[in-house]
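With PDB, C-alpha atoms inside, this is protein00.pdb:
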ATOM      1  CA  MET A 197      18.167  -7.652  -7.154
ATOM      2  CA  LEU A 198      15.941  -5.095  -5.435
ATOM      3  CA  SER A 199      17.113  -1.518  -5.997
ATOM      4  CA  SER A 200      15.768  -0.555  -2.576
ATOM      5  CA  ARG A 201      15.135  -2.385   0.685
ATOM      6  CA  HIS A 202      11.943  -0.493   1.486
ATOM      7  CA  PHE A 203       8.983   0.701  -0.581
ATOM      8  CA  PHE A 204       5.853   2.710   0.100
ATOM      9  CA  VAL A 205       2.722   1.083  -1.349
ATOM     10  CA  ALA A 206       0.299   3.751  -2.544
ATOM     11  CA  GLY A 207      -3.007   3.560  -4.356
ATOM     12  CA  THR A 208      -4.855   5.712  -6.860
ATOM     13  CA  ASP A 209      -7.816   5.792  -4.464
ATOM     14  CA  THR A 210      -9.257   3.929  -1.508
ATOM     15  CA  ASP A 211     -10.397   0.336  -2.078
ATOM     16  CA  VAL A 212      -8.100  -0.294  -5.046
ATOM     17  CA  GLY A 213      -6.452  -3.351  -3.495
ATOM     18  CA  LYS A 214      -3.255  -1.988  -1.939
ATOM     19  CA  THR A 215      -3.239  -4.642   0.762
ATOM     20  CA  LEU A 216      -3.959  -7.495  -1.624
ATOM     21  CA  VAL A 217      -1.121  -6.395  -3.896
ATOM     22  CA  ALA A 218       1.246  -5.753  -0.976
ATOM     23  CA  CYS A 219       0.585  -9.258   0.332
ATOM     24  CA  GLY A 220       1.184 -10.671  -3.133
ATOM     25  CA  ILE A 221       4.534  -8.891  -3.302
ATOM     26  CA  LEU A 222       5.488 -10.203   0.128
ATOM     27  CA  LYS A 223       4.656 -13.764  -0.906
ATOM     28  CA  ALA A 224       6.539 -13.389  -4.202
ATOM     29  CA  ALA A 225       9.573 -12.224  -2.247
ATOM     30  CA  GLU A 226       9.253 -15.104   0.208
ATOM     31  CA  ALA A 227       9.245 -17.523  -2.717
ATOM     32  CA  ARG A 228      12.663 -16.084  -3.614
ATOM     33  CA  GLY A 229      13.937 -16.840  -0.127
ATOM     34  CA  MET A 230      13.713 -13.270   1.117
ATOM     35  CA  ARG A 231      12.849 -12.124   4.617
ATOM     36  CA  THR A 232       9.929  -9.721   4.506
ATOM     37  CA  LEU A 233       8.308  -7.165   6.751
ATOM     38  CA  ALA A 234       5.264  -4.926   6.346
ATOM     39  CA  ILE A 235       3.948  -1.896   8.209
ATOM     40  CA  LYS A 236       0.508  -0.278   8.109
ATOM     41  CA  PRO A 237       1.334   2.950   9.971
ATOM     42  CA  VAL A 238      -2.235   4.270  10.047
ATOM     43  CA  ALA A 239      -5.444   2.273   9.704
ATOM     44  CA  ALA A 240      -8.985   3.604  10.018
ATOM     45  CA  GLY A 241     -11.551   0.882  10.454
ATOM     46  CA  ALA A 242     -11.251  -1.836  13.087
ATOM     47  CA  GLU A 243     -13.094  -4.807  14.502
ATOM     48  CA  HIS A 244     -13.287  -6.022  18.098
ATOM     49  CA  THR A 245     -11.502  -9.364  18.455
ATOM     50  CA  ALA A 246     -10.317 -11.552  21.307
ATOM     51  CA  ASP A 247      -6.955  -9.794  20.992
ATOM     52  CA  GLY A 248      -8.471  -6.305  20.997
ATOM     53  CA  LEU A 249      -9.159  -3.917  18.131
ATOM     54  CA  ARG A 250      -7.713  -5.138  14.855
ATOM     55  CA  ASN A 251      -7.641  -3.803  11.297
ATOM     56  CA  GLN A 252      -8.131  -6.470   8.640
ATOM     57  CA  ASP A 253      -5.513  -5.007   6.289
ATOM     58  CA  ALA A 254      -2.869  -5.101   9.013
ATOM     59  CA  VAL A 255      -3.822  -8.665   9.911
ATOM     60  CA  MET A 256      -3.453  -9.702   6.269
ATOM     61  CA  LEU A 257       0.000  -8.111   6.084
ATOM     62  CA  MET A 258       1.086  -9.918   9.243
ATOM     63  CA  ALA A 259      -0.011 -13.239   7.765
ATOM     64  CA  ALA A 260       1.858 -12.578   4.518
ATOM     65  CA  MET A 261       5.222 -11.422   5.876
ATOM     66  CA  THR A 262       7.943 -13.784   7.038
ATOM     67  CA  GLU A 263       9.221 -11.849  10.062
ATOM     68  CA  THR A 264       7.353 -11.624  13.345
ATOM     69  CA  LEU A 265       6.334  -8.328  14.895
ATOM     70  CA  PRO A 266       3.666  -7.569  17.500
ATOM     71  CA  TYR A 267       0.489  -6.005  16.142
ATOM     72  CA  HIS A 268       1.211  -2.580  17.640
ATOM     73  CA  GLN A 269       4.416  -2.337  15.605
ATOM     74  CA  VAL A 270       2.803  -3.415  12.348
ATOM     75  CA  ASN A 271      -0.135  -1.035  12.870
ATOM     76  CA  PRO A 272       0.922   1.557  15.455
ATOM     77  CA  VAL A 273      -1.999   3.956  14.878
ATOM     78  CA  LEU A 274      -5.367   2.197  14.798
ATOM     79  CA  LEU A 275      -8.594   4.184  14.578
ATOM     80  CA  GLU A 276     -11.883   2.384  14.936
ATOM     81  CA  PRO A 277     -14.184   4.471  12.670
ATOM     82  CA  PRO A 278     -13.840   3.492   8.963
ATOM     83  CA  ILE A 279     -13.487   7.095   7.804
ATOM     84  CA  ALA A 280     -10.713   9.493   6.757
ATOM     85  CA  PRO A 281      -7.855   9.131   9.290
ATOM     86  CA  HIS A 282      -7.657  12.795  10.262
ATOM     87  CA  ILE A 283     -11.407  12.897  10.956
ATOM     88  CA  ALA A 284     -11.301   9.616  12.877
ATOM     89  CA  ALA A 285      -8.378  10.941  14.913
ATOM     90  CA  GLN A 286     -10.273  14.129  15.736
ATOM     91  CA  GLN A 287     -13.274  12.106  16.904
ATOM     92  CA  VAL A 288     -11.187  10.121  19.395
ATOM     93  CA  GLY A 289      -8.998  13.022  20.493
ATOM     94  CA  LYS A 290      -5.768  11.874  18.863
ATOM     95  CA  ARG A 291      -3.233  13.866  16.868
ATOM     96  CA  ILE A 292      -1.201  12.098  14.198
ATOM     97  CA  THR A 293       1.980  13.645  12.798
ATOM     98  CA  VAL A 294       4.496  12.672  10.143
ATOM     99  CA  SER A 295       7.379  12.773  12.628
ATOM    100  CA  GLN A 296       5.491  10.467  14.997
ATOM    101  CA  LEU A 297       4.785   7.940  12.244
ATOM    102  CA  SER A 298       8.318   8.173  10.912
ATOM    103  CA  GLY A 299       9.768   7.273  14.293
ATOM    104  CA  LEU A 300       7.380   4.361  14.689
ATOM    105  CA  CYS A 301       8.192   3.036  11.214
ATOM    106  CA  ARG A 302      11.934   3.367  11.711
ATOM    107  CA  GLY A 303      11.645   1.436  14.947
ATOM    108  CA  ALA A 304       9.916  -1.459  13.203
ATOM    109  CA  MET A 305      12.328  -1.271  10.282
ATOM    110  CA  MET A 306      15.281  -1.933  12.596
ATOM    111  CA  GLN A 307      14.393  -5.615  12.405
ATOM    112  CA  ALA A 308      16.454  -7.414   9.788
ATOM    113  CA  ALA A 309      14.568  -7.971   6.545
ATOM    114  CA  ASP A 310      15.377  -8.036   2.848
ATOM    115  CA  LEU A 311      12.156  -6.280   1.864
ATOM    116  CA  VAL A 312      10.037  -3.837   3.845
ATOM    117  CA  LEU A 313       6.682  -2.544   2.603
ATOM    118  CA  ILE A 314       5.004   0.484   4.178
ATOM    119  CA  GLU A 315       1.366   0.556   3.136
ATOM    120  CA  GLY A 316      -0.469   3.858   2.917
ATOM    121  CA  ALA A 317      -4.142   4.553   3.542
ATOM    122  CA  GLY A 318      -6.531   5.621   0.800
ATOM    123  CA  GLY A 319      -4.957   7.641  -1.995
ATOM    124  CA  TRP A 320      -1.791   9.734  -2.064
ATOM    125  CA  ARG A 321      -3.167  12.997  -0.624
ATOM    126  CA  VAL A 322      -4.715  11.689   2.588
ATOM    127  CA  PRO A 323      -4.602  14.222   5.459
ATOM    128  CA  LEU A 324      -3.121  13.300   8.826
ATOM    129  CA  ASN A 325      -3.972  16.616  10.428
ATOM    130  CA  ARG A 326      -4.714  20.181   9.306
ATOM    131  CA  HIS A 327      -1.199  20.722   8.022
ATOM    132  CA  GLU A 328       0.284  17.339   7.062
ATOM    133  CA  LEU A 329      -0.495  14.562   4.613
ATOM    134  CA  LEU A 330       0.290  10.861   4.861
ATOM    135  CA  SER A 331       2.394  11.235   1.715
ATOM    136  CA  GLY A 332       4.787  13.223   3.895
ATOM    137  CA  LEU A 333       5.705   9.957   5.605
ATOM    138  CA  ALA A 334       6.912   8.462   2.326
ATOM    139  CA  VAL A 335       8.958  11.626   1.772
ATOM    140  CA  GLU A 336      10.386  11.485   5.304
ATOM    141  CA  LEU A 337      11.391   7.841   4.808
ATOM    142  CA  GLN A 338      12.613   8.529   1.253
ATOM    143  CA  ALA A 339      10.778   5.412   0.155
ATOM    144  CA  PRO A 340      10.391   4.617  -3.551
ATOM    145  CA  VAL A 341       6.726   4.093  -4.374
ATOM    146  CA  ILE A 342       4.903   1.051  -5.709
ATOM    147  CA  LEU A 343       1.677   2.375  -7.193
ATOM    148  CA  VAL A 344      -1.457   0.218  -7.219
ATOM    149  CA  VAL A 345      -3.880   1.290  -9.938
ATOM    150  CA  GLY A 346      -7.477   0.201  -9.496
ATOM    151  CA  MET A 347      -8.551  -0.665 -13.035
ATOM    152  CA  LYS A 348     -11.930   0.961 -13.625
ATOM    153  CA  LEU A 349     -13.395   3.780 -15.664
ATOM    154  CA  GLY A 350     -11.343   6.903 -14.937
ATOM    155  CA  CYS A 351      -8.251   5.017 -13.819
ATOM    156  CA  ILE A 352      -5.951   6.667 -16.370
ATOM    157  CA  SER A 353      -6.591  10.148 -15.021
ATOM    158  CA  HIS A 354      -6.398   8.932 -11.404
ATOM    159  CA  ALA A 355      -3.107   7.153 -12.089
ATOM    160  CA  LEU A 356      -1.482  10.052 -13.917
ATOM    161  CA  LEU A 357      -2.557  12.609 -11.320
ATOM    162  CA  THR A 358      -1.204  10.372  -8.549
ATOM    163  CA  ALA A 359       2.052   9.824 -10.416
ATOM    164  CA  ASP A 360       2.443  13.585 -10.913
ATOM    165  CA  ALA A 361       1.880  14.177  -7.187
ATOM    166  CA  ILE A 362       4.405  11.508  -6.191
ATOM    167  CA  ARG A 363       7.049  12.983  -8.478
ATOM    168  CA  ALA A 364       6.246  16.512  -7.302
ATOM    169  CA  ASP A 365       7.066  15.299  -3.796
ATOM    170  CA  GLY A 366      10.500  14.283  -5.053
ATOM    171  CA  LEU A 367       9.963  10.536  -4.900
ATOM    172  CA  ARG A 368      10.635   7.841  -7.455
ATOM    173  CA  ILE A 369       7.883   5.513  -8.664
ATOM    174  CA  ALA A 370       9.661   2.179  -8.561
ATOM    175  CA  ALA A 371       6.880   0.239 -10.299
ATOM    176  CA  TRP A 372       3.132  -0.117 -10.657
ATOM    177  CA  VAL A 373       0.548  -2.896 -10.519
ATOM    178  CA  ALA A 374      -2.820  -3.051 -12.266
ATOM    179  CA  ASN A 375      -5.556  -4.472 -10.046
ATOM    180  CA  GLN A 376      -8.754  -5.325 -11.908
ATOM    181  CA  ILE A 377     -11.398  -4.101  -9.467
ATOM    182  CA  ASP A 378     -14.174  -3.748 -12.067
ATOM    183  CA  PRO A 379     -14.844  -7.048 -13.877
ATOM    184  CA  GLN A 380     -17.064  -5.243 -16.373
ATOM    185  CA  MET A 381     -14.524  -2.589 -17.353
ATOM    186  CA  LEU A 382     -14.769  -1.838 -21.058
ATOM    187  CA  CYS A 383     -11.593  -1.805 -23.182
ATOM    188  CA  PHE A 384      -9.470  -3.179 -20.343
ATOM    189  CA  ASP A 385      -6.525  -4.070 -22.589
ATOM    190  CA  GLU A 386      -6.581  -0.676 -24.276
ATOM    191  CA  ASN A 387      -6.592   1.111 -20.908
ATOM    192  CA  LEU A 388      -3.762  -1.088 -19.663
ATOM    193  CA  SER A 389      -1.712  -0.347 -22.765
ATOM    194  CA  SER A 390      -2.272   3.381 -22.359
ATOM    195  CA  LEU A 391      -1.208   3.285 -18.733
ATOM    196  CA  LYS A 392       1.969   1.380 -19.545
ATOM    197  CA  ALA A 393       2.931   4.009 -22.094
ATOM    198  CA  LEU A 394       1.882   7.077 -20.099
ATOM    199  CA  LEU A 395       3.254   6.084 -16.684
ATOM    200  CA  GLY A 396       6.580   5.037 -18.140
ATOM    201  CA  VAL A 397       7.704   3.028 -15.105
ATOM    202  CA  PRO A 398       8.327  -0.701 -14.584
ATOM    203  CA  PHE A 399       5.178  -2.828 -14.579
ATOM    204  CA  LEU A 400       4.853  -5.691 -12.093
ATOM    205  CA  GLY A 401       1.715  -7.292 -13.533
ATOM    206  CA  VAL A 402      -2.084  -7.529 -13.604
ATOM    207  CA  VAL A 403      -4.034  -8.975 -10.692
ATOM    208  CA  PRO A 404      -7.234 -10.412 -12.195
ATOM    209  CA  TYR A 405     -10.568  -9.569 -10.608
ATOM    210  CA  LEU A 406     -11.472 -13.179  -9.772
ATOM    211  CA  LEU A 407      -8.510 -13.392  -7.420
ATOM    212  CA  ASP A 408      -9.546 -10.395  -5.336
ATOM    213  CA  ASN A 409      -9.987 -11.748  -1.779
ATOM    214  CA  LYS A 410     -11.239 -15.084  -3.121
ATOM    215  CA  ARG A 411      -8.247 -17.319  -3.732
ATOM    216  CA  GLY A 412      -5.717 -15.774  -1.380
ATOM    217  CA  VAL A 413      -2.464 -13.906  -1.693
ATOM    218  CA  ASP A 414      -0.493 -16.980  -2.733
ATOM    219  CA  ALA A 415      -2.463 -17.011  -5.978
ATOM    220  CA  VAL A 416      -2.026 -13.255  -6.386
ATOM    221  CA  SER A 417       1.750 -13.522  -6.027
ATOM    222  CA  ALA A 418       1.907 -15.631  -9.187
ATOM    223  CA  TYR A 419       0.782 -12.584 -11.177
ATOM    224  CA  ILE A 420       3.402 -10.228  -9.750
ATOM    225  CA  ASP A 421       6.966 -10.121 -11.072
ATOM    226  CA  ILE A 422       9.211  -8.497  -8.483
ATOM    227  CA  SER A 423      12.380  -9.258 -10.430
ATOM    228  CA  ILE A 424      12.210  -5.848 -12.112
ATOM    229  CA  LEU A 425      12.112  -3.844  -8.875
TER     230      LEU A 425
END
The structure in this file should be written as structure tokens.
Amino acid sequence: MLSSRHFFVAGTDTDVGKTLVACGILKAAEARGMRTLAIKPVAAGAEHTADGLRNQDAVMLMAAMTETLPYHQVNPVLLEPPIAPHIAAQQVGKRITVSQLSGLCRGAMMQAADLVLIEGAGGWRVPLNRHELLSGLAVELQAPVILVVGMKLGCISHALLTADAIRADGLRIAAWVANQIDPQMLCFDENLSSLKALLGVPFLGVVPYLLDNKRGVDAVSAYIDISIL
């Protein structure tokens, strides 16, 4: 049984596969008969579609979750430039705050669901404005964290620094996932073993590189064990 209804999905950096892993978790939960919901509070990087501006990560989350929400509730703050959110917001004259995002998330979370994932943007210390970080949203929501580690050279230091920052913010790391983003990574098994020992939190599984955006989230879900959450 899940120890929490909602989790914040964080990454050790940008482009480590947070969305892919989040979608895999949603599909794994659906396979257990659970109702699922996902929120991408802030997204920087959008494409023009027939339905308006859309962020691909948010679209993927919508396709993977079981419950239905309009796009603006799944991704309430959408910034077109694919750059740091606080810079993108400045360029378009917007101000993003933790309290604003918290209210938007809580509104979406009122819908009945057994599992709710709130996906971050970039790494843990991403600025929203001159004074606040996106990590403050996870603190405001008191959401246990699922940490996605992008497996590449340097990942041990990135993972441990991120874990230290999460714990310094008073949050619990519920579990972590290893996403193999570098197919040529040397000593992969040795790095994985070190991370398991040093992080000291439940491990949900390894997402192999060949699955990354090639065979879909249904395949990814087979590599993720949510029973230990």
Please identify all polymer residues lying at most 8 Å from the point (12.7, -6.7, 11.2) (file coordinates), using only C-alpha atoms, and present the result as a list of chain:residue names.
A:Thr232, A:Leu233, A:Glu263, A:Thr264, A:Leu265, A:Ala304, A:Met305, A:Met306, A:Gln307, A:Ala308, A:Ala309
For Lys236 (chain A), list every protein, DNA or RNA residue within 9 Å, evaluated using only C-alpha atoms, and leave out those in the same chain fewer than 2 positions away; present the list as a PyMOL selection string.
chain A and resi 234+238-239+253-254+257+269-273+301+313-317
For Gln380 (chain A), which of A:Val402, A:Ala393, A:Leu349, A:Leu311 is the closest residue, counting all atoms listed in the file?
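Smallest distance to Gln380 (chain A) is found for A:Leu349.
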With all atoms listed in the file as the atoms that count, which of A:Pro237, A:Pro323, A:Gly346, A:Pro340 lies nearest to Gly299 (chain A)?
A:Pro237
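Ranking A:Tyr405, A:Phe203, A:Trp320, A:Tyr419 by their shortest atom-to-atom distance to Ala361 (chain A), with all atoms listed in the file included, puts A:Trp320 first.
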Given the PyMOL selection byres ((chain A and resi 332) around 12), the residues it picks as an MDAnalysis selection string:
chainID A and resid 204 292:298 316 320:325 327:331 333:339 361:362 364:367
Here is a test: counting only C-alpha atoms, which residue of A:Lys392, A:His202, A:Arg368, A:Arg291 is nearest to Ala355 (chain A)?
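Ranked by minimum distance to Ala355 (chain A), first place goes to A:Lys392.
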Selection dump of the PyMOL selection byres ((chain A and resi 398) around 6), as a list in words
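Checked against the file, the PyMOL selection byres ((chain A and resi 398) around 6) matches Ala371, Val397 and Phe399 of chain A.
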Output for the residues just chosen: C-alpha atoms as a PDB file, in the coordinates of the input:
ATOM      1  CA  ALA A 371       6.880   0.239 -10.299  1.00  0.00           C
ATOM      2  CA  VAL A 397       7.704   3.028 -15.105  1.00  0.00           C
ATOM      3  CA  PHE A 399       5.178  -2.828 -14.579  1.00  0.00           C
TER       4      PHE A 399
END
Around all the atoms of region 378-391 of chain A listed in the file, with 5 Å of room on each side, what axis-aligned box do you get, giving centre and edge lengths in Å to one decimal, as JSON?
{"center_x": -9.1, "center_y": -1.8, "center_z": -18.2, "size_x": 25.9, "size_y": 20.4, "size_z": 22.2}
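Distance-wise, CA of Glu243 (chain A) and CA of Ile342 (chain A) end up 27.7 Å apart.
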Mind giving me the straight-line distance from CA of Leu391 (chain A) to CA of Ser423 (chain A) in Å, one decimal?
20.3 Å
Distance of CA of Pro278 (chain A) from CA of Ala240 (chain A), expressed in Å to one decimal place
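Between these atoms lies a distance of 5.0 Å.
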Which polymer residues, protein or nucleic acid, are no farther than 7 Å from (-3.8, 5.2, -2.5), counting all atoms listed in the file, as JSON, numbers by chain?
{"A": [206, 207, 208, 209, 210, 316, 317, 318, 319, 320]}
Just checking: using all atoms listed in the file, which residue out of A:Lys348, A:Arg326, A:Lys223, A:Lys214 ends up closest to Asp385 (chain A)?
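Of the candidates, the smallest distance to Asp385 (chain A) is held by A:Lys348.
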Spell out the residues picked by the PyMOL selection byres ((chain A and resi 400) around 12) here, as a PyMOL selection string.
chain A and resi 217-218+220-221+224+342-345+370-375+392+397-399+401-403+416-425
From the list A:Ala260, A:Gly303, A:Arg363, A:Met347, which residue is nearest Ile377 (chain A) when using all atoms listed in the file?
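Residue with the minimum atom-to-atom distance to Ile377 (chain A): A:Met347.
Near Gln287 (chain A), within 12 Å and counting all atoms listed in the file, sit Ala240, Leu275, Glu276, Pro277, Pro278, Ile279, Ala280, Pro281, His282, Ile283, Ala284, Lys290 and Arg291 of chain A; same-chain residues fewer than 3 positions away were not included.
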Written selection (C-alpha atoms) as a PDB file, in the coordinates of the input:
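Saved to out25.pdb:
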ATOM      1  CA  ALA A 240      -8.985   3.604  10.018  1.00  0.00           C
ATOM      2  CA  LEU A 275      -8.594   4.184  14.578  1.00  0.00           C
ATOM      3  CA  GLU A 276     -11.883   2.384  14.936  1.00  0.00           C
ATOM      4  CA  PRO A 277     -14.184   4.471  12.670  1.00  0.00           C
ATOM      5  CA  PRO A 278     -13.840   3.492   8.963  1.00  0.00           C
ATOM      6  CA  ILE A 279     -13.487   7.095   7.804  1.00  0.00           C
ATOM      7  CA  ALA A 280     -10.713   9.493   6.757  1.00  0.00           C
ATOM      8  CA  PRO A 281      -7.855   9.131   9.290  1.00  0.00           C
ATOM      9  CA  HIS A 282      -7.657  12.795  10.262  1.00  0.00           C
ATOM     10  CA  ILE A 283     -11.407  12.897  10.956  1.00  0.00           C
ATOM     11  CA  ALA A 284     -11.301   9.616  12.877  1.00  0.00           C
ATOM     12  CA  LYS A 290      -5.768  11.874  18.863  1.00  0.00           C
ATOM     13  CA  ARG A 291      -3.233  13.866  16.868  1.00  0.00           C
TER      14      ARG A 291
END
